[in-house]
Amino acid sequence: RPARTDTSSAIYALMVRHARTVGGTDAALPQIAYAEMLDRVRDAGFSEADFSRCIQQYEDIDVLQVNVTRTRITFVSAS
């Protein structure tokens, strides 16, 4: 498991890798299921709290958006 200071970066990298496997490209990553990603994050040895912190950090800088019901994660394009 990565060092504490790199946890959010490691989780974000997992999300990007997963998005690419479900049909995304570097230019356009698809939406991914929140619950499925949480399961993958836990399988990688991180906690739900780690995942929530990561989501919040990346939402704060407009890289990710999570819908109100917390079922979908959307990557914000850098256009």
# chains A, B, ... in the order shown; residues from 1 in each chain; ligands from 1
call {"tool": "residues_around", "arguments": {"residues": "Ile73 (chain A)", "least_positions_apart": "2", "cutoff": "6 Å", "atoms": "only C-alpha atoms", "output": "list of chain:residue names"}}
result
A:Gln31, A:Ile32, A:Tyr34, A:Gln65, A:Val66
call {"tool": "write_last_selection", "arguments": {"atoms": "C-alpha atoms", "output": "PDB file, in the first residue's frame"}}
result
ATOM      1  CA  GLN A  31     -18.388   7.666 -16.285  1.00  0.00           C
ATOM      2  CA  ILE A  32     -17.719   4.853 -13.853  1.00  0.00           C
ATOM      3  CA  TYR A  34     -19.219   4.595  -7.705  1.00  0.00           C
ATOM      4  CA  GLN A  65     -17.742  15.024 -10.348  1.00  0.00           C
ATOM      5  CA  VAL A  66     -19.963  12.639  -8.417  1.00  0.00           C
TER       6      VAL A  66
END
call {"tool": "select_by_dssp", "arguments": {"residues": "chain A", "states": "alpha helix (DSSP H)", "output": "JSON, numbers by chain"}}
result
{"A": [7, 8, 9, 10, 11, 12, 13, 14, 15, 16, 17, 18, 19, 20, 21, 34, 35, 36, 37, 38, 39, 40, 41, 42, 43, 48, 49, 50, 51, 52, 53, 54, 55, 56, 57, 58, 59, 60]}
call {"tool": "atom_distance", "arguments": {"atom1": "CA of Asp6 (chain A)", "atom2": "CA of Gly23 (chain A)"}}
result
26.3 Å
call {"tool": "closest_residue", "arguments": {"among": "A:Leu64, A:Ala33, A:Phe46, A:Phe75", "to": "Ala10 (chain A)", "atoms": "only C-alpha atoms"}}
result
A:Phe46
call {"tool": "select_by_dssp", "arguments": {"residues": "chain A", "states": "strand (DSSP E or B)", "output": "list of chain:residue names"}}
result
A:Ile32, A:Ala33, A:Leu64, A:Gln65, A:Val66, A:Arg72, A:Ile73, A:Thr74, A:Phe75
call {"tool": "write_last_selection", "arguments": {"atoms": "N, CA and C atoms", "output": "compact mmCIF listing (two decimals), in the first residue's frame"}}
result
# COMPACT_ATOMS: atom_id res chain seq x y z
N ILE A 32 -17.89 6.17 -14.48
CA ILE A 32 -17.72 4.85 -13.85
C ILE A 32 -18.65 4.75 -12.65
N ALA A 33 -19.00 3.52 -12.31
CA ALA A 33 -19.92 3.28 -11.20
C ALA A 33 -19.20 3.49 -9.87
N LEU A 64 -12.96 15.59 -10.97
CA LEU A 64 -14.03 14.60 -10.91
C LEU A 64 -15.32 15.28 -10.49
N GLN A 65 -16.44 14.65 -10.87
CA GLN A 65 -17.74 15.02 -10.35
C GLN A 65 -18.46 13.74 -9.97
N VAL A 66 -19.14 13.77 -8.85
CA VAL A 66 -19.96 12.64 -8.42
C VAL A 66 -21.40 13.13 -8.37
N ARG A 72 -22.49 7.53 -9.70
CA ARG A 72 -21.64 7.67 -10.87
C ARG A 72 -20.53 8.69 -10.61
N ILE A 73 -19.34 8.37 -11.12
CA ILE A 73 -18.20 9.27 -11.06
C ILE A 73 -17.93 9.69 -12.51
N THR A 74 -17.84 11.00 -12.72
CA THR A 74 -17.56 11.54 -14.06
C THR A 74 -16.23 12.25 -14.04
N PHE A 75 -15.40 11.96 -15.03
CA PHE A 75 -14.14 12.66 -15.21
C PHE A 75 -14.45 13.94 -15.97
call {"tool": "residues_around", "arguments": {"residues": "Arg53 (chain A)", "least_positions_apart": "2", "cutoff": "12 Å", "atoms": "only C-alpha atoms", "output": "number ranges by chain"}}
result
A: 4-9, 11-12, 46-51, 55-60
call {"tool": "write_last_selection", "arguments": {"atoms": "C-alpha atoms", "output": "tab-separated table (two decimals), in the first residue's frame"}}
result
chain	number	residue	atom	x	y	z
A	4	ARG	CA	-0.28	7.97	3.35
A	5	THR	CA	0.63	11.16	1.49
A	6	ASP	CA	0.19	9.40	-1.87
A	7	THR	CA	-3.10	7.62	-1.12
A	8	SER	CA	-5.36	9.94	-3.10
A	9	SER	CA	-3.03	9.87	-6.10
A	11	ILE	CA	-6.71	5.83	-5.80
A	12	TYR	CA	-7.15	8.33	-8.63
A	46	PHE	CA	-7.57	1.20	0.79
A	47	SER	CA	-10.49	2.15	3.03
A	48	GLU	CA	-13.80	3.78	2.22
A	49	ALA	CA	-12.53	6.86	4.08
A	50	ASP	CA	-9.47	6.96	1.80
A	51	PHE	CA	-11.77	6.76	-1.22
A	55	ILE	CA	-13.11	11.91	-4.34
A	56	GLN	CA	-13.44	15.14	-2.32
A	57	GLN	CA	-9.93	16.31	-3.19
A	58	TYR	CA	-10.41	15.71	-6.90
A	59	GLU	CA	-13.91	17.26	-6.88
A	60	ASP	CA	-12.46	20.34	-5.18
call {"tool": "atom_distance", "arguments": {"atom1": "CA of Leu29 (chain A)", "atom2": "CA of Asp62 (chain A)"}}
result
14.5 Å
call {"tool": "atom_distance", "arguments": {"atom1": "CA of Gly45 (chain A)", "atom2": "CA of Thr21 (chain A)"}}
result
20.2 Å
call {"tool": "closest_residue", "arguments": {"among": "A:Thr71, A:Ser52, A:His18, A:Ile61", "to": "Ala35 (chain A)", "atoms": "only C-alpha atoms"}}
result
A:Thr71
call {"tool": "decode", "arguments": {"residues": "region 48-67 of chain A", "atoms": "N, CA, C and O atoms", "output": "mmCIF file, in the first residue's frame"}}
result
data_model
loop_
_atom_site.group_PDB
_atom_site.id
_atom_site.type_symbol
_atom_site.label_atom_id
_atom_site.label_comp_id
_atom_site.auth_asym_id
_atom_site.auth_seq_id
_atom_site.Cartn_x
_atom_site.Cartn_y
_atom_site.Cartn_z
ATOM 1 N N GLU A 48 -12.758 2.912 2.757
ATOM 2 C CA GLU A 48 -13.801 3.784 2.216
ATOM 3 C C GLU A 48 -13.492 5.246 2.545
ATOM 4 O O GLU A 48 -13.748 6.141 1.735
ATOM 5 N N ALA A 49 -12.918 5.491 3.711
ATOM 6 C CA ALA A 49 -12.533 6.861 4.081
ATOM 7 C C ALA A 49 -11.458 7.402 3.134
ATOM 8 O O ALA A 49 -11.508 8.568 2.730
ATOM 9 N N ASP A 50 -10.493 6.552 2.765
ATOM 10 C CA ASP A 50 -9.468 6.958 1.796
ATOM 11 C C ASP A 50 -10.124 7.348 0.471
ATOM 12 O O ASP A 50 -9.775 8.362 -0.141
ATOM 13 N N PHE A 51 -11.073 6.524 0.030
ATOM 14 C CA PHE A 51 -11.771 6.764 -1.224
ATOM 15 C C PHE A 51 -12.551 8.077 -1.152
ATOM 16 O O PHE A 51 -12.474 8.900 -2.069
ATOM 17 N N SER A 52 -13.261 8.298 -0.075
ATOM 18 C CA SER A 52 -14.038 9.529 0.090
ATOM 19 C C SER A 52 -13.145 10.764 0.076
ATOM 20 O O SER A 52 -13.482 11.779 -0.548
ATOM 21 N N ARG A 53 -11.996 10.679 0.757
ATOM 22 C CA ARG A 53 -11.049 11.801 0.758
ATOM 23 C C ARG A 53 -10.545 12.082 -0.652
ATOM 24 O O ARG A 53 -10.456 13.231 -1.083
ATOM 25 N N CYS A 54 -10.215 11.027 -1.378
ATOM 26 C CA CYS A 54 -9.734 11.180 -2.751
ATOM 27 C C CYS A 54 -10.795 11.855 -3.614
ATOM 28 O O CYS A 54 -10.502 12.821 -4.322
ATOM 29 N N ILE A 55 -12.013 11.336 -3.545
ATOM 30 C CA ILE A 55 -13.109 11.915 -4.336
ATOM 31 C C ILE A 55 -13.257 13.394 -4.013
ATOM 32 O O ILE A 55 -13.344 14.244 -4.910
ATOM 33 N N GLN A 56 -13.270 13.742 -2.729
ATOM 34 C CA GLN A 56 -13.440 15.137 -2.319
ATOM 35 C C GLN A 56 -12.304 16.010 -2.853
ATOM 36 O O GLN A 56 -12.536 17.104 -3.371
ATOM 37 N N GLN A 57 -11.072 15.526 -2.722
ATOM 38 C CA GLN A 57 -9.927 16.306 -3.189
ATOM 39 C C GLN A 57 -10.006 16.570 -4.688
ATOM 40 O O GLN A 57 -9.753 17.688 -5.146
ATOM 41 N N TYR A 58 -10.367 15.552 -5.456
ATOM 42 C CA TYR A 58 -10.414 15.713 -6.904
ATOM 43 C C TYR A 58 -11.673 16.459 -7.360
ATOM 44 O O TYR A 58 -11.646 17.118 -8.398
ATOM 45 N N GLU A 59 -12.745 16.411 -6.587
ATOM 46 C CA GLU A 59 -13.912 17.262 -6.877
ATOM 47 C C GLU A 59 -13.556 18.730 -6.619
ATOM 48 O O GLU A 59 -13.947 19.606 -7.393
ATOM 49 N N ASP A 60 -12.826 18.973 -5.547
ATOM 50 C CA ASP A 60 -12.461 20.342 -5.177
ATOM 51 C C ASP A 60 -11.640 21.037 -6.265
ATOM 52 O O ASP A 60 -11.689 22.261 -6.388
ATOM 53 N N ILE A 61 -10.885 20.285 -7.034
ATOM 54 C CA ILE A 61 -10.070 20.880 -8.096
ATOM 55 C C ILE A 61 -10.676 20.631 -9.481
ATOM 56 O O ILE A 61 -10.009 20.782 -10.504
ATOM 57 N N ASP A 62 -11.959 20.250 -9.498
ATOM 58 C CA ASP A 62 -12.729 20.083 -10.741
ATOM 59 C C ASP A 62 -12.143 19.060 -11.706
ATOM 60 O O ASP A 62 -12.161 19.254 -12.916
ATOM 61 N N VAL A 63 -11.645 17.965 -11.153
ATOM 62 C CA VAL A 63 -11.150 16.858 -11.975
ATOM 63 C C VAL A 63 -12.206 15.762 -12.061
ATOM 64 O O VAL A 63 -12.349 15.109 -13.089
ATOM 65 N N LEU A 64 -12.956 15.589 -10.972
ATOM 66 C CA LEU A 64 -14.027 14.600 -10.913
ATOM 67 C C LEU A 64 -15.321 15.276 -10.487
ATOM 68 O O LEU A 64 -15.293 16.293 -9.795
ATOM 69 N N GLN A 65 -16.437 14.645 -10.871
ATOM 70 C CA GLN A 65 -17.742 15.024 -10.348
ATOM 71 C C GLN A 65 -18.463 13.743 -9.974
ATOM 72 O O GLN A 65 -18.388 12.753 -10.697
ATOM 73 N N VAL A 66 -19.144 13.773 -8.846
ATOM 74 C CA VAL A 66 -19.963 12.639 -8.417
ATOM 75 C C VAL A 66 -21.405 13.127 -8.367
ATOM 76 O O VAL A 66 -21.674 14.221 -7.864
ATOM 77 N N ASN A 67 -22.316 12.315 -8.921
ATOM 78 C CA ASN A 67 -23.713 12.740 -8.921
ATOM 79 C C ASN A 67 -24.262 12.759 -7.496
ATOM 80 O O ASN A 67 -23.656 12.217 -6.572
#
